[in-house]
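Raw contents of my_file.pdb, PDB, C-alpha atoms:
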```pdb
ATOM      1  CA  MET A   1       0.000   0.000   0.000  1.00  0.00           C
ATOM      2  CA  ARG A   2       1.261   3.465  -0.890  1.00  0.00           C
ATOM      3  CA  THR A   3       1.939   6.024   1.764  1.00  0.00           C
ATOM      4  CA  ARG A   4       0.748   9.597   1.789  1.00  0.00           C
ATOM      5  CA  SER A   5       4.223  10.897   0.957  1.00  0.00           C
ATOM      6  CA  ALA A   6       4.388   8.628  -2.111  1.00  0.00           C
ATOM      7  CA  ASP A   7       1.042  10.016  -3.309  1.00  0.00           C
ATOM      8  CA  VAL A   8       2.239  13.583  -2.787  1.00  0.00           C
ATOM      9  CA  GLN A   9       5.453  12.825  -4.697  1.00  0.00           C
ATOM     10  CA  LEU A  10       3.467  11.241  -7.531  1.00  0.00           C
ATOM     11  CA  ALA A  11       1.196  14.299  -7.754  1.00  0.00           C
ATOM     12  CA  ALA A  12       4.215  16.619  -7.683  1.00  0.00           C
ATOM     13  CA  ASP A  13       5.833  14.712 -10.574  1.00  0.00           C
ATOM     14  CA  TYR A  14       2.543  14.843 -12.482  1.00  0.00           C
ATOM     15  CA  PHE A  15       2.163  18.606 -12.099  1.00  0.00           C
ATOM     16  CA  HIS A  16       5.870  19.164 -12.756  1.00  0.00           C
ATOM     17  CA  SER A  17       5.413  17.811 -16.298  1.00  0.00           C
ATOM     18  CA  TYR A  18       2.564  20.286 -16.852  1.00  0.00           C
ATOM     19  CA  ALA A  19       4.714  23.079 -15.438  1.00  0.00           C
ATOM     20  CA  VAL A  20       7.341  22.359 -18.090  1.00  0.00           C
ATOM     21  CA  VAL A  21       4.706  22.583 -20.845  1.00  0.00           C
ATOM     22  CA  GLY A  22       3.299  25.787 -19.339  1.00  0.00           C
ATOM     23  CA  LEU A  23       6.753  27.339 -19.049  1.00  0.00           C
ATOM     24  CA  LEU A  24       7.498  26.458 -22.662  1.00  0.00           C
ATOM     25  CA  ALA A  25       4.218  28.078 -23.757  1.00  0.00           C
ATOM     26  CA  VAL A  26       5.011  31.250 -21.797  1.00  0.00           C
ATOM     27  CA  VAL A  27       8.521  31.406 -23.293  1.00  0.00           C
ATOM     28  CA  GLY A  28       7.035  30.977 -26.791  1.00  0.00           C
ATOM     29  CA  VAL A  29       4.506  33.785 -26.264  1.00  0.00           C
ATOM     30  CA  LEU A  30       7.197  36.069 -24.832  1.00  0.00           C
ATOM     31  CA  PHE A  31       9.506  35.308 -27.769  1.00  0.00           C
ATOM     32  CA  VAL A  32       6.811  36.289 -30.267  1.00  0.00           C
ATOM     33  CA  ALA A  33       5.883  39.428 -28.274  1.00  0.00           C
ATOM     34  CA  VAL A  34       9.521  40.551 -28.041  1.00  0.00           C
ATOM     35  CA  ALA A  35      10.076  39.904 -31.777  1.00  0.00           C
ATOM     36  CA  PHE A  36       7.011  41.951 -32.759  1.00  0.00           C
ATOM     37  CA  GLY A  37       7.917  44.724 -30.310  1.00  0.00           C
ATOM     38  CA  ALA A  38      11.488  44.916 -31.587  1.00  0.00           C
ATOM     39  CA  ALA A  39      10.294  45.009 -35.198  1.00  0.00           C
ATOM     40  CA  ARG A  40       7.905  47.841 -34.375  1.00  0.00           C
ATOM     41  CA  LEU A  41      10.607  49.853 -32.607  1.00  0.00           C
ATOM     42  CA  LEU A  42      13.360  49.291 -35.168  1.00  0.00           C
ATOM     43  CA  ARG A  43      11.497  49.693 -38.447  1.00  0.00           C
ATOM     44  CA  PRO A  44      11.577  52.996 -40.322  1.00  0.00           C
ATOM     45  CA  VAL A  45       8.211  54.745 -40.489  1.00  0.00           C
ATOM     46  CA  VAL A  46       8.054  56.951 -43.586  1.00  0.00           C
ATOM     47  CA  PRO A  47       4.514  56.895 -44.974  1.00  0.00           C
ATOM     48  CA  THR A  48       4.244  58.096 -48.568  1.00  0.00           C
ATOM     49  CA  PRO A  49       1.201  58.125 -50.857  1.00  0.00           C
ATOM     50  CA  GLU A  50       2.645  55.187 -52.811  1.00  0.00           C
ATOM     51  CA  LYS A  51       3.039  53.128 -49.645  1.00  0.00           C
ATOM     52  CA  LEU A  52      -0.530  53.853 -48.579  1.00  0.00           C
ATOM     53  CA  LEU A  53      -2.002  52.598 -51.891  1.00  0.00           C
ATOM     54  CA  THR A  54      -3.687  49.224 -51.994  1.00  0.00           C
ATOM     55  CA  TYR A  55      -1.226  46.689 -53.394  1.00  0.00           C
ATOM     56  CA  GLU A  56      -2.561  43.887 -55.563  1.00  0.00           C
ATOM     57  CA  CYS A  57      -0.035  41.762 -57.460  1.00  0.00           C
ATOM     58  CA  GLY A  58       2.062  44.769 -58.461  1.00  0.00           C
ATOM     59  CA  VAL A  59      -0.761  46.419 -60.417  1.00  0.00           C
ATOM     60  CA  ASP A  60      -2.174  49.807 -59.461  1.00  0.00           C
ATOM     61  CA  PRO A  61      -5.833  49.535 -58.475  1.00  0.00           C
ATOM     62  CA  VAL A  62      -8.204  50.786 -61.165  1.00  0.00           C
ATOM     63  CA  GLY A  63     -11.953  51.204 -60.782  1.00  0.00           C
ATOM     64  CA  GLU A  64     -13.992  50.329 -57.756  1.00  0.00           C
ATOM     65  CA  GLY A  65     -13.310  47.457 -55.408  1.00  0.00           C
ATOM     66  CA  TRP A  66     -16.597  45.657 -56.040  1.00  0.00           C
ATOM     67  CA  ALA A  67     -16.511  42.753 -58.484  1.00  0.00           C
ATOM     68  CA  HIS A  68     -19.165  40.223 -59.404  1.00  0.00           C
ATOM     69  CA  THR A  69     -18.250  36.561 -59.423  1.00  0.00           C
ATOM     70  CA  GLN A  70     -20.082  33.681 -60.987  1.00  0.00           C
ATOM     71  CA  VAL A  71     -21.709  31.399 -58.441  1.00  0.00           C
ATOM     72  CA  ARG A  72     -21.419  28.397 -60.726  1.00  0.00           C
ATOM     73  CA  TYR A  73     -17.682  28.214 -60.092  1.00  0.00           C
ATOM     74  CA  TYR A  74     -18.387  27.698 -56.410  1.00  0.00           C
ATOM     75  CA  VAL A  75     -20.770  24.886 -57.298  1.00  0.00           C
ATOM     76  CA  TYR A  76     -18.038  23.122 -59.277  1.00  0.00           C
ATOM     77  CA  ALA A  77     -15.610  23.603 -56.404  1.00  0.00           C
ATOM     78  CA  PHE A  78     -18.205  22.220 -53.996  1.00  0.00           C
ATOM     79  CA  LEU A  79     -18.805  19.180 -56.207  1.00  0.00           C
ATOM     80  CA  TYR A  80     -15.046  18.593 -56.369  1.00  0.00           C
ATOM     81  CA  VAL A  81     -14.805  18.682 -52.576  1.00  0.00           C
ATOM     82  CA  ILE A  82     -17.673  16.221 -52.273  1.00  0.00           C
ATOM     83  CA  PHE A  83     -16.031  13.714 -54.601  1.00  0.00           C
ATOM     84  CA  ALA A  84     -12.603  14.245 -53.041  1.00  0.00           C
ATOM     85  CA  VAL A  85     -14.094  13.378 -49.651  1.00  0.00           C
ATOM     86  CA  ASP A  86     -15.769  10.398 -51.279  1.00  0.00           C
ATOM     87  CA  SER A  87     -12.431   9.107 -52.551  1.00  0.00           C
ATOM     88  CA  ILE A  88     -10.851   9.663 -49.141  1.00  0.00           C
ATOM     89  CA  PHE A  89     -13.519   7.419 -47.602  1.00  0.00           C
ATOM     90  CA  LEU A  90     -13.214   4.768 -50.307  1.00  0.00           C
ATOM     91  CA  PHE A  91      -9.552   3.916 -49.686  1.00  0.00           C
ATOM     92  CA  PRO A  92      -9.856   2.983 -45.985  1.00  0.00           C
ATOM     93  CA  TRP A  93     -13.121   1.212 -46.770  1.00  0.00           C
ATOM     94  CA  ALA A  94     -11.327  -0.993 -49.274  1.00  0.00           C
ATOM     95  CA  THR A  95      -8.787  -2.072 -46.666  1.00  0.00           C
ATOM     96  CA  VAL A  96     -11.446  -2.805 -44.031  1.00  0.00           C
ATOM     97  CA  PHE A  97     -13.618  -4.618 -46.571  1.00  0.00           C
ATOM     98  CA  ALA A  98     -10.815  -7.093 -47.175  1.00  0.00           C
ATOM     99  CA  ALA A  99     -10.500  -7.892 -43.447  1.00  0.00           C
ATOM    100  CA  PRO A 100     -12.281 -11.059 -42.323  1.00  0.00           C
ATOM    101  CA  GLY A 101     -15.648 -10.525 -40.635  1.00  0.00           C
ATOM    102  CA  PHE A 102     -16.274  -7.010 -41.964  1.00  0.00           C
ATOM    103  CA  GLY A 103     -17.369  -7.722 -45.538  1.00  0.00           C
ATOM    104  CA  GLY A 104     -21.159  -7.544 -45.376  1.00  0.00           C
ATOM    105  CA  ALA A 105     -21.510  -4.663 -42.917  1.00  0.00           C
ATOM    106  CA  THR A 106     -18.965  -2.461 -44.648  1.00  0.00           C
ATOM    107  CA  LEU A 107     -20.486  -3.217 -48.041  1.00  0.00           C
ATOM    108  CA  VAL A 108     -23.913  -2.048 -46.849  1.00  0.00           C
ATOM    109  CA  GLU A 109     -22.444   1.078 -45.211  1.00  0.00           C
ATOM    110  CA  MET A 110     -20.548   1.995 -48.372  1.00  0.00           C
ATOM    111  CA  PHE A 111     -23.609   1.548 -50.568  1.00  0.00           C
ATOM    112  CA  ILE A 112     -25.559   3.840 -48.233  1.00  0.00           C
ATOM    113  CA  PHE A 113     -22.763   6.414 -48.446  1.00  0.00           C
ATOM    114  CA  LEU A 114     -22.554   6.140 -52.244  1.00  0.00           C
ATOM    115  CA  GLY A 115     -26.351   6.357 -52.400  1.00  0.00           C
ATOM    116  CA  PHE A 116     -26.305   9.713 -50.618  1.00  0.00           C
ATOM    117  CA  LEU A 117     -23.680  10.947 -53.065  1.00  0.00           C
ATOM    118  CA  ALA A 118     -25.648   9.629 -56.035  1.00  0.00           C
ATOM    119  CA  VAL A 119     -28.813  11.397 -54.841  1.00  0.00           C
ATOM    120  CA  GLY A 120     -26.874  14.656 -54.533  1.00  0.00           C
ATOM    121  CA  LEU A 121     -25.347  14.234 -57.986  1.00  0.00           C
ATOM    122  CA  LEU A 122     -28.755  13.400 -59.469  1.00  0.00           C
ATOM    123  CA  TYR A 123     -30.234  16.502 -57.829  1.00  0.00           C
ATOM    124  CA  ALA A 124     -27.441  18.681 -59.253  1.00  0.00           C
ATOM    125  CA  TRP A 125     -27.940  17.130 -62.696  1.00  0.00           C
ATOM    126  CA  LYS A 126     -31.727  17.668 -62.609  1.00  0.00           C
ATOM    127  CA  LYS A 127     -31.251  21.318 -61.574  1.00  0.00           C
ATOM    128  CA  GLY A 128     -28.928  21.876 -64.549  1.00  0.00           C
ATOM    129  CA  VAL A 129     -25.947  22.735 -62.385  1.00  0.00           C
ATOM    130  CA  LEU A 130     -23.593  20.460 -64.317  1.00  0.00           C
ATOM    131  CA  GLU A 131     -24.137  22.212 -67.665  1.00  0.00           C
ATOM    132  CA  TRP A 132     -21.347  24.602 -68.646  1.00  0.00           C
ATOM    133  CA  THR A 133     -23.345  27.416 -70.288  1.00  0.00           C
TER     134      THR A 133
END
```
Serialized structure, structure tokens:
Amino acid sequence: MRTRSADVQLAADYFHSYAVVGLLAVVGVLFVAVAFGAARLLRPVVPTPEKLLTYECGVDPVGEGWAHTQVRYYVYAFLYVIFAVDSIFLFPWATVFAAPGFGGATLVEMFIFLGFLAVGLLYAWKKGVLEWT
């Protein structure tokens, strides 16, 4: 049976490991704060009209800042993400499907998953989202 002093020593060792992590976090925050403070104190501050202009890829801004974008590009990006996630789920499924005892259950789960994706793709096709016009 452990004594009270052994329990106290065990708790002290436990909290000592957290103290090391906490000290490292404090040192990291201080390092960043000192670096930003030194950069602010040491940098030259000479604002000119050219420096205060909006910078976009080296081209002077022309016109107003409002631009219209086509929503259909977001739909294609969204469809890509859906099928990328689908492929990410298919690879681990293939390895589990080959394991003994998991064949039937994983096959049903994957068909349910692919069914949801097929319904979404069918909905997008019926709405005309997949036509590039």
Exercise for the section: Could you tell me which residues the PyMOL selection byres ((chain A and resi 113) around 12) grabs in this file, written as a list of chain:residue names? Expected result: A:Ile82, A:Phe83, A:Val85, A:Asp86, A:Ser87, A:Phe89, A:Leu90, A:Trp93, A:Thr106, A:Leu107, A:Val108, A:Glu109, A:Met110, A:Phe111, A:Ile112, A:Leu114, A:Gly115, A:Phe116, A:Leu117, A:Ala118, A:Val119, A:Gly120
Exercise for the section: Enter the distance from CA of Ala124 (chain A) to CA of Tyr73 (chain A), in Å, rounded to one decimal. Expected result: 13.7 Å
Practice task
Would you work out the distance separating CA of Ala105 (chain A) from CA of Val81 (chain A), expressed in Å to one decimal?
Solution key: 26.1 Å
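Neighbouring residues of Val71 (chain A) at 12 Å or closer, counting only C-alpha atoms and skipping chain neighbours under 6 positions away, are A:Ala77, A:Phe78, A:Val129.
The gap separating CA of Val75 (chain A) from CA of Gly128 (chain A) is 11.3 Å, in Å to one decimal.
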Around region 38-42 of chain A, fit a box with edges along x, y and z, padding it by 4 Å on each side, then list its centre and edge lengths in Å to one decimal as AutoDock Vina command-line options.
```
--center_x 10.6 --center_y 47.4 --center_z -33.4 --size_x 13.5 --size_y 12.9 --size_z 11.6
```
Please complete region 93-125 of chain A so it has N, CA and C atoms, and hand it over as a PDB file, in the frame of the given file.
```
ATOM      1  N   TRP A  93     -12.053   2.196 -46.679  1.00  0.00           N
ATOM      2  CA  TRP A  93     -13.121   1.212 -46.770  1.00  0.00           C
ATOM      3  C   TRP A  93     -12.628  -0.031 -47.485  1.00  0.00           C
ATOM      4  N   ALA A  94     -11.836   0.146 -48.520  1.00  0.00           N
ATOM      5  CA  ALA A  94     -11.327  -0.993 -49.274  1.00  0.00           C
ATOM      6  C   ALA A  94     -10.422  -1.865 -48.415  1.00  0.00           C
ATOM      7  N   THR A  95      -9.656  -1.263 -47.525  1.00  0.00           N
ATOM      8  CA  THR A  95      -8.787  -2.072 -46.666  1.00  0.00           C
ATOM      9  C   THR A  95      -9.586  -2.792 -45.582  1.00  0.00           C
ATOM     10  N   VAL A  96     -10.623  -2.154 -45.061  1.00  0.00           N
ATOM     11  CA  VAL A  96     -11.446  -2.805 -44.031  1.00  0.00           C
ATOM     12  C   VAL A  96     -12.315  -3.878 -44.667  1.00  0.00           C
ATOM     13  N   PHE A  97     -12.760  -3.651 -45.885  1.00  0.00           N
ATOM     14  CA  PHE A  97     -13.618  -4.618 -46.571  1.00  0.00           C
ATOM     15  C   PHE A  97     -12.898  -5.938 -46.763  1.00  0.00           C
ATOM     16  N   ALA A  98     -11.592  -5.875 -46.965  1.00  0.00           N
ATOM     17  CA  ALA A  98     -10.815  -7.093 -47.175  1.00  0.00           C
ATOM     18  C   ALA A  98     -10.563  -7.860 -45.885  1.00  0.00           C
ATOM     19  N   ALA A  99     -10.735  -7.223 -44.728  1.00  0.00           N
ATOM     20  CA  ALA A  99     -10.500  -7.892 -43.447  1.00  0.00           C
ATOM     21  C   ALA A  99     -11.598  -8.916 -43.186  1.00  0.00           C
ATOM     22  N   PRO A 100     -11.256 -10.040 -42.579  1.00  0.00           N
ATOM     23  CA  PRO A 100     -12.281 -11.059 -42.323  1.00  0.00           C
ATOM     24  C   PRO A 100     -13.307 -10.581 -41.295  1.00  0.00           C
ATOM     25  N   GLY A 101     -14.582 -10.869 -41.566  1.00  0.00           N
ATOM     26  CA  GLY A 101     -15.648 -10.525 -40.635  1.00  0.00           C
ATOM     27  C   GLY A 101     -16.271  -9.160 -40.848  1.00  0.00           C
ATOM     28  N   PHE A 102     -15.744  -8.352 -41.738  1.00  0.00           N
ATOM     29  CA  PHE A 102     -16.274  -7.010 -41.964  1.00  0.00           C
ATOM     30  C   PHE A 102     -16.933  -6.853 -43.332  1.00  0.00           C
ATOM     31  N   GLY A 103     -16.932  -7.842 -44.160  1.00  0.00           N
ATOM     32  CA  GLY A 103     -17.369  -7.722 -45.538  1.00  0.00           C
ATOM     33  C   GLY A 103     -18.783  -7.219 -45.716  1.00  0.00           C
ATOM     34  N   GLY A 104     -19.761  -7.898 -45.145  1.00  0.00           N
ATOM     35  CA  GLY A 104     -21.159  -7.544 -45.376  1.00  0.00           C
ATOM     36  C   GLY A 104     -21.541  -6.193 -44.803  1.00  0.00           C
ATOM     37  N   ALA A 105     -21.138  -5.921 -43.574  1.00  0.00           N
ATOM     38  CA  ALA A 105     -21.510  -4.663 -42.917  1.00  0.00           C
ATOM     39  C   ALA A 105     -20.875  -3.472 -43.623  1.00  0.00           C
ATOM     40  N   THR A 106     -19.615  -3.589 -43.984  1.00  0.00           N
ATOM     41  CA  THR A 106     -18.965  -2.461 -44.648  1.00  0.00           C
ATOM     42  C   THR A 106     -19.496  -2.259 -46.060  1.00  0.00           C
ATOM     43  N   LEU A 107     -19.910  -3.347 -46.707  1.00  0.00           N
ATOM     44  CA  LEU A 107     -20.486  -3.217 -48.041  1.00  0.00           C
ATOM     45  C   LEU A 107     -21.804  -2.446 -47.984  1.00  0.00           C
ATOM     46  N   VAL A 108     -22.643  -2.754 -47.006  1.00  0.00           N
ATOM     47  CA  VAL A 108     -23.913  -2.048 -46.849  1.00  0.00           C
ATOM     48  C   VAL A 108     -23.666  -0.582 -46.503  1.00  0.00           C
ATOM     49  N   GLU A 109     -22.746  -0.308 -45.591  1.00  0.00           N
ATOM     50  CA  GLU A 109     -22.444   1.078 -45.211  1.00  0.00           C
ATOM     51  C   GLU A 109     -21.930   1.876 -46.412  1.00  0.00           C
ATOM     52  N   MET A 110     -21.086   1.266 -47.235  1.00  0.00           N
ATOM     53  CA  MET A 110     -20.548   1.995 -48.372  1.00  0.00           C
ATOM     54  C   MET A 110     -21.619   2.245 -49.414  1.00  0.00           C
ATOM     55  N   PHE A 111     -22.524   1.309 -49.618  1.00  0.00           N
ATOM     56  CA  PHE A 111     -23.609   1.548 -50.568  1.00  0.00           C
ATOM     57  C   PHE A 111     -24.544   2.647 -50.078  1.00  0.00           C
ATOM     58  N   ILE A 112     -24.762   2.729 -48.784  1.00  0.00           N
ATOM     59  CA  ILE A 112     -25.559   3.840 -48.233  1.00  0.00           C
ATOM     60  C   ILE A 112     -24.848   5.161 -48.483  1.00  0.00           C
ATOM     61  N   PHE A 113     -23.552   5.198 -48.225  1.00  0.00           N
ATOM     62  CA  PHE A 113     -22.763   6.414 -48.446  1.00  0.00           C
ATOM     63  C   PHE A 113     -22.775   6.809 -49.921  1.00  0.00           C
ATOM     64  N   LEU A 114     -22.541   5.846 -50.808  1.00  0.00           N
ATOM     65  CA  LEU A 114     -22.554   6.140 -52.244  1.00  0.00           C
ATOM     66  C   LEU A 114     -23.956   6.521 -52.713  1.00  0.00           C
ATOM     67  N   GLY A 115     -24.982   5.980 -52.067  1.00  0.00           N
ATOM     68  CA  GLY A 115     -26.351   6.357 -52.400  1.00  0.00           C
ATOM     69  C   GLY A 115     -26.616   7.820 -52.097  1.00  0.00           C
ATOM     70  N   PHE A 116     -26.152   8.289 -50.939  1.00  0.00           N
ATOM     71  CA  PHE A 116     -26.305   9.713 -50.618  1.00  0.00           C
ATOM     72  C   PHE A 116     -25.590  10.581 -51.650  1.00  0.00           C
ATOM     73  N   LEU A 117     -24.402  10.183 -52.050  1.00  0.00           N
ATOM     74  CA  LEU A 117     -23.680  10.947 -53.065  1.00  0.00           C
ATOM     75  C   LEU A 117     -24.389  10.894 -54.412  1.00  0.00           C
ATOM     76  N   ALA A 118     -24.938   9.751 -54.761  1.00  0.00           N
ATOM     77  CA  ALA A 118     -25.648   9.629 -56.035  1.00  0.00           C
ATOM     78  C   ALA A 118     -26.908  10.489 -56.040  1.00  0.00           C
ATOM     79  N   VAL A 119     -27.618  10.553 -54.921  1.00  0.00           N
ATOM     80  CA  VAL A 119     -28.813  11.397 -54.841  1.00  0.00           C
ATOM     81  C   VAL A 119     -28.423  12.863 -55.008  1.00  0.00           C
ATOM     82  N   GLY A 120     -27.338  13.277 -54.379  1.00  0.00           N
ATOM     83  CA  GLY A 120     -26.874  14.656 -54.533  1.00  0.00           C
ATOM     84  C   GLY A 120     -26.449  14.966 -55.960  1.00  0.00           C
ATOM     85  N   LEU A 121     -25.758  14.044 -56.598  1.00  0.00           N
ATOM     86  CA  LEU A 121     -25.347  14.234 -57.986  1.00  0.00           C
ATOM     87  C   LEU A 121     -26.556  14.258 -58.910  1.00  0.00           C
ATOM     88  N   LEU A 122     -27.532  13.404 -58.668  1.00  0.00           N
ATOM     89  CA  LEU A 122     -28.755  13.400 -59.469  1.00  0.00           C
ATOM     90  C   LEU A 122     -29.518  14.710 -59.304  1.00  0.00           C
ATOM     91  N   TYR A 123     -29.574  15.223 -58.085  1.00  0.00           N
ATOM     92  CA  TYR A 123     -30.234  16.502 -57.829  1.00  0.00           C
ATOM     93  C   TYR A 123     -29.532  17.635 -58.583  1.00  0.00           C
ATOM     94  N   ALA A 124     -28.193  17.647 -58.540  1.00  0.00           N
ATOM     95  CA  ALA A 124     -27.441  18.681 -59.253  1.00  0.00           C
ATOM     96  C   ALA A 124     -27.649  18.558 -60.754  1.00  0.00           C
ATOM     97  N   TRP A 125     -27.733  17.338 -61.270  1.00  0.00           N
ATOM     98  CA  TRP A 125     -27.940  17.130 -62.696  1.00  0.00           C
ATOM     99  C   TRP A 125     -29.333  17.586 -63.115  1.00  0.00           C
TER     100      TRP A 125
END
```
